[in-house]
$ cat run_14.cif   # mmCIF, C-alpha atoms
data_run
loop_
_atom_site.label_atom_id
_atom_site.label_comp_id
_atom_site.auth_asym_id
_atom_site.auth_seq_id
_atom_site.Cartn_x
_atom_site.Cartn_y
_atom_site.Cartn_z
CA MET A 11 13.17 -6.43 2.40
CA GLY A 12 12.49 -3.70 -0.11
CA ALA A 13 8.84 -4.56 -0.66
CA VAL A 14 5.52 -3.12 0.40
CA LEU A 15 3.01 -5.82 1.25
CA ILE A 16 -0.63 -4.83 0.90
CA THR A 17 -3.44 -7.22 1.68
CA VAL A 18 -6.66 -6.40 -0.17
CA SER A 19 -10.27 -7.42 0.26
CA THR A 20 -13.54 -5.77 -0.62
CA ASP A 21 -14.07 -4.89 3.03
CA THR A 22 -13.77 -1.22 3.95
CA GLN A 23 -10.80 0.07 5.94
CA PHE A 24 -13.07 0.26 8.99
CA VAL A 25 -13.67 -3.48 8.91
CA HIS A 26 -9.91 -4.00 8.57
CA LEU A 27 -9.34 -1.92 11.71
CA ALA A 28 -11.98 -3.89 13.62
CA TRP A 29 -10.63 -7.24 12.44
CA ARG A 30 -7.04 -6.36 13.25
CA ARG A 31 -8.07 -5.27 16.76
CA HIS A 32 -10.36 -8.21 17.37
CA GLU A 33 -8.57 -11.25 15.94
CA LYS A 34 -5.74 -12.47 18.13
CA SER A 35 -3.87 -14.15 15.28
CA LEU A 36 -3.50 -10.75 13.59
CA GLU A 37 -1.79 -9.20 16.61
CA ASN A 38 1.59 -8.90 14.94
CA VAL A 39 0.30 -7.72 11.58
CA GLN A 40 2.24 -4.72 10.39
CA TYR A 41 1.39 -4.69 6.71
CA LEU A 42 -1.03 -2.27 5.08
CA MET A 43 -4.59 -3.58 4.85
CA GLY A 44 -6.13 -2.31 1.62
CA ALA A 45 -9.83 -1.70 1.08
CA ASP A 46 -11.41 -2.28 -2.33
CA PRO A 47 -15.17 -2.05 -1.73
CA SER A 48 -15.90 -0.96 -5.31
CA GLY A 49 -13.87 -3.89 -6.63
CA LYS A 50 -11.95 -1.58 -8.95
CA VAL A 51 -8.47 -2.85 -8.11
CA SER A 52 -9.68 -6.46 -7.83
CA ARG A 53 -11.13 -6.16 -11.34
CA LEU A 54 -7.88 -4.67 -12.65
CA PHE A 55 -6.08 -7.82 -11.54
CA GLY A 56 -8.84 -10.14 -12.72
CA VAL A 57 -9.72 -11.54 -9.28
CA TYR A 58 -13.12 -9.93 -8.71
CA VAL A 59 -16.03 -12.39 -8.57
CA GLU A 60 -19.05 -10.30 -9.64
CA ASP A 61 -21.77 -12.54 -8.18
CA ALA A 62 -20.14 -12.69 -4.75
CA GLY A 63 -18.74 -9.15 -4.62
CA LEU A 64 -15.53 -10.70 -3.28
CA ALA A 65 -11.95 -11.10 -4.42
CA LEU A 66 -10.33 -14.46 -5.10
CA ARG A 67 -7.13 -15.40 -3.30
CA GLY A 68 -4.72 -13.74 -5.71
CA THR A 69 -1.10 -12.82 -5.06
CA PHE A 70 0.70 -10.46 -7.45
CA LEU A 71 4.33 -9.39 -7.48
CA ILE A 72 5.18 -6.05 -9.11
CA ASN A 73 8.75 -4.78 -9.50
CA PRO A 74 9.82 -1.20 -8.67
CA GLU A 75 9.43 -0.29 -12.36
CA GLY A 76 5.77 -1.33 -12.26
CA ARG A 77 6.08 -4.59 -14.18
CA LEU A 78 3.91 -7.56 -13.16
CA LEU A 79 6.34 -10.46 -12.68
CA ASN A 80 4.35 -13.10 -10.86
CA SER A 81 0.74 -14.02 -10.22
CA GLU A 82 -0.99 -16.83 -8.39
CA VAL A 83 -4.73 -17.19 -7.97
CA SER A 84 -6.56 -19.78 -5.87
CA PHE A 85 -10.24 -20.37 -5.25
CA PHE A 86 -11.89 -19.21 -2.01
CA ASN A 87 -11.36 -22.29 0.12
CA MET A 88 -7.66 -22.93 -0.39
CA GLY A 89 -5.07 -20.91 1.48
CA ARG A 90 -1.73 -19.84 0.06
CA ASN A 91 1.66 -20.93 1.30
CA ILE A 92 3.63 -17.98 2.64
CA ASP A 93 6.96 -19.84 2.27
CA GLU A 94 6.21 -20.12 -1.44
CA LEU A 95 5.49 -16.40 -1.63
CA MET A 96 8.82 -15.64 0.05
CA ARG A 97 10.60 -18.02 -2.31
CA LYS A 98 9.09 -16.30 -5.34
CA PHE A 99 9.91 -12.84 -4.02
CA LYS A 100 13.52 -13.76 -3.21
CA ALA A 101 13.95 -15.39 -6.62
CA ASN A 102 12.62 -12.30 -8.38
CA LEU A 103 14.81 -10.02 -6.25
CA TYR A 104 17.86 -12.09 -7.15
CA LEU A 105 17.02 -12.24 -10.87
CA ALA A 106 16.53 -8.47 -10.96
CA LYS A 107 20.20 -8.19 -10.00
CA LYS A 108 21.33 -11.02 -12.30
CA PRO A 109 19.24 -10.76 -15.47
CA ALA A 110 21.35 -13.26 -17.41
CA GLU A 111 20.59 -16.05 -14.95
CA ALA A 112 17.56 -18.22 -14.25
CA CYS A 113 16.36 -19.87 -11.05
CA PRO A 114 15.74 -23.58 -11.61
CA ALA A 115 12.81 -25.48 -10.08
CA GLN A 116 14.72 -26.47 -6.93
CA TRP A 117 15.88 -22.93 -6.13
CA LYS A 118 14.76 -21.89 -2.65
CA ASP A 119 17.00 -19.12 -1.40
CA GLU A 120 19.90 -16.87 -2.27
CA GLY A 121 23.01 -19.02 -2.55
CA ASP A 122 21.24 -21.91 -4.26
CA LYS A 123 22.39 -22.96 -7.68
CA THR A 124 21.19 -20.94 -10.65
CA LEU A 125 21.50 -21.52 -14.39
CA THR A 126 22.98 -19.19 -16.98
CA PRO A 127 21.06 -20.07 -20.14
CA GLY A 128 22.97 -20.02 -23.43
CA PRO A 129 23.72 -22.16 -26.49
CA LYS A 130 26.21 -24.33 -24.54
CA MET A 131 23.49 -25.40 -22.12
CA VAL A 132 21.06 -26.67 -24.76
CA GLY A 133 20.37 -30.35 -23.99
CA LYS A 134 22.79 -30.22 -21.03
CA VAL A 135 20.73 -28.80 -18.18
CA HIS A 136 21.20 -31.98 -16.11
CA GLU A 137 24.98 -31.60 -16.25
CA ALA A 138 24.73 -27.88 -15.47
CA LEU A 139 22.70 -28.54 -12.35
CA ALA A 140 24.91 -31.43 -11.22
CA LYS A 141 28.11 -29.36 -11.29
CA MET B 25 -19.59 -1.35 -17.88
CA THR B 26 -17.31 -3.70 -19.79
CA SER B 27 -16.64 -7.16 -18.42
CA SER B 28 -13.79 -7.34 -15.95
CA ASP B 29 -12.26 -10.16 -17.99
CA SER B 30 -11.89 -8.15 -21.17
CA ASN B 31 -8.60 -6.54 -20.21
CA PRO B 32 -6.85 -8.79 -17.69
CA LEU B 33 -3.33 -7.76 -16.79
CA GLN B 34 -0.74 -9.88 -18.55
CA LEU B 35 2.45 -11.05 -16.87
CA GLY B 36 5.29 -8.85 -18.02
CA SER B 37 3.09 -5.88 -18.74
CA THR B 38 3.30 -2.56 -16.91
CA VAL B 39 0.67 -2.20 -14.25
CA PRO B 40 -1.26 1.10 -14.50
CA ASN B 41 -1.28 3.22 -11.38
CA PHE B 42 -3.95 2.37 -8.83
CA GLU B 43 -4.83 3.70 -5.43
CA LEU B 44 -6.21 1.97 -2.34
CA SER B 45 -7.61 3.22 0.93
CA VAL B 46 -5.74 1.42 3.69
CA TYR B 47 -5.70 0.78 7.40
CA ASP B 48 -2.11 0.99 8.66
CA PRO B 49 -1.77 -1.09 11.85
CA VAL B 50 1.65 0.41 12.64
CA LYS B 51 0.39 3.99 12.62
CA ASN B 52 -3.05 2.82 13.75
CA ASP B 53 -4.55 5.13 11.17
CA PHE B 54 -6.29 5.22 7.83
CA GLY B 55 -4.56 6.46 4.72
CA THR B 56 -4.08 5.78 1.04
CA ILE B 57 -1.37 4.05 -0.94
CA SER B 58 -0.73 4.15 -4.66
CA LEU B 59 1.48 2.08 -6.94
CA ASP B 60 3.24 5.27 -8.07
CA GLU B 61 4.11 6.03 -4.45
CA ILE B 62 5.69 2.61 -3.90
CA LYS B 63 7.58 2.81 -7.20
CA SER B 64 8.97 6.22 -6.28
CA GLN B 65 10.44 4.59 -3.16
CA GLY B 66 12.16 2.02 -5.37
CA LYS B 67 10.27 -0.84 -3.74
CA TRP B 68 8.51 -3.97 -4.92
CA THR B 69 4.77 -4.33 -4.43
CA ILE B 70 3.17 -7.52 -3.21
CA LEU B 71 -0.61 -7.52 -3.51
CA PHE B 72 -2.34 -10.20 -1.50
CA PHE B 73 -6.07 -10.43 -2.31
CA TYR B 74 -8.45 -12.43 -0.14
CA PRO B 75 -12.23 -12.71 0.04
CA ALA B 76 -13.23 -11.29 3.41
CA ASP B 77 -12.19 -10.29 6.90
CA PHE B 78 -13.46 -12.30 9.86
CA THR B 79 -13.30 -15.51 7.80
CA PHE B 80 -11.02 -18.51 7.88
CA VAL B 81 -8.11 -20.21 6.05
#
$ encode --input "run_14.cif" --output "structure tokens"
Amino acid sequence: MGAVLITVSTDTQFVHLAWRRHEKSLENVQYLMGADPSGKVSRLFGVYVEDAGLALRGTFLINPEGRLLNSEVSFFNMGRNIDELMRKFKANLYLAKKPAEACPAQWKDEGDKTLTPGPKMVGKVHEALAK
Amino acid sequence: MTSSDSNPLQLGSTVPNFELSVYDPVKNDFGTISLDEIKSQGKWTILFFYPADFTFV
């Protein structure tokens, strides 16, 4: 889909290999498993918890030009919704092609209604979405 | 060493290049990946941080 997915934890790449081989639910994993034992990259993104030596559950979306366009961080015990990640990625992909538009709250996938912000829409978003 | 919170990355800013050692399950091999490398392929980068392997959630 034009993206490189990298999972990152402070485990070394050796632990990633062992985990991938051992855990049945990771059987179909094809993404790169990144190792950040020094916490350097985790610190760069503000998700490193010094006392624990672990990274928080952070997801970051970076465009091909290197710009950070989306971030979501959750505490250790709450998992992230992958559908939501896909929605955010698709929305950002679409908006990269259509910079004058905006994806409203209900937008889920390509083909859903978007808004084209401008002076005419001020105070009339309801009508724009109902059309 | 300065606090990790002193220069958090802001949304909309350009991410400086970084490099990670990786395990690639498709090649079944170790390697490295850098942001510059992914950018040169014209691709998006999705970073998915999590606390630890062999844990739950």
$ resolve_selection --input "run_14.cif" --expression "the PyMOL selection byres ((chain B) within 6 of (chain A))" --output "list in words"
Ser28, Pro32, Leu33, Leu35, Gly36, Ser37, Thr38, Val39, Leu44, Ser45, Val46, Tyr47, Asp48, Pro49, Val50, Lys63, Gly66, Lys67, Trp68, Thr69, Ile70, Leu71, Phe72, Phe73, Tyr74, Pro75, Ala76 and Val81 of chain B
$ residues_around --input "run_14.cif" --residues "region 127-133 of chain A" --least-positions-apart "4" --cutoff "10 Å" --atoms "all atoms listed in the file" --output "list in words"
Ala110, Glu111, Ala112, Glu137 and Ala138 of chain A
$ atom_distance --input "run_14.cif" --atom1 "CA of Phe42 (chain B)" --atom2 "CA of Phe54 (chain B)"
17.1 Å
$ atom_distance --input "run_14.cif" --atom1 "CA of Leu139 (chain A)" --atom2 "CA of Asn91 (chain A)"
26.2 Å
$ residues_around --input "run_14.cif" --residues "Glu43 (chain B)" --least-positions-apart "6" --cutoff "9 Å" --atoms "all atoms listed in the file" --output "JSON, numbers by chain"
{"A": [51], "B": [56, 57, 58, 59, 60]}
$ write_last_selection --input "run_14.cif" --atoms "C-alpha atoms" --output "PDB file, keeping the file's coordinate frame"
ATOM      1  CA  VAL A  51      -8.470  -2.850  -8.110  1.00  0.00           C
TER       2      VAL A  51
ATOM      3  CA  THR B  56      -4.080   5.780   1.040  1.00  0.00           C
ATOM      4  CA  ILE B  57      -1.370   4.050  -0.940  1.00  0.00           C
ATOM      5  CA  SER B  58      -0.730   4.150  -4.660  1.00  0.00           C
ATOM      6  CA  LEU B  59       1.480   2.080  -6.940  1.00  0.00           C
ATOM      7  CA  ASP B  60       3.240   5.270  -8.070  1.00  0.00           C
TER       8      ASP B  60
END
$ residues_near_point --input "run_14.cif" --point "(26.7, -30.8, -9.6)" --cutoff "12 Å" --atoms "only C-alpha atoms" --output "number ranges by chain"
A: 122-125, 135-141
$ atom_distance --input "run_14.cif" --atom1 "CA of Asp77 (chain B)" --atom2 "CA of Lys98 (chain A)"
25.3 Å
$ axis_aligned_box --input "run_14.cif" --around "region 31-38 of chain B" --padding-each-side "6 Å" --output "lines of an AutoDock Vina configuration file"
center_x = -1.7
center_y = -6.8
center_z = -18.5
size_x = 25.9
size_y = 20.5
size_z = 15.4
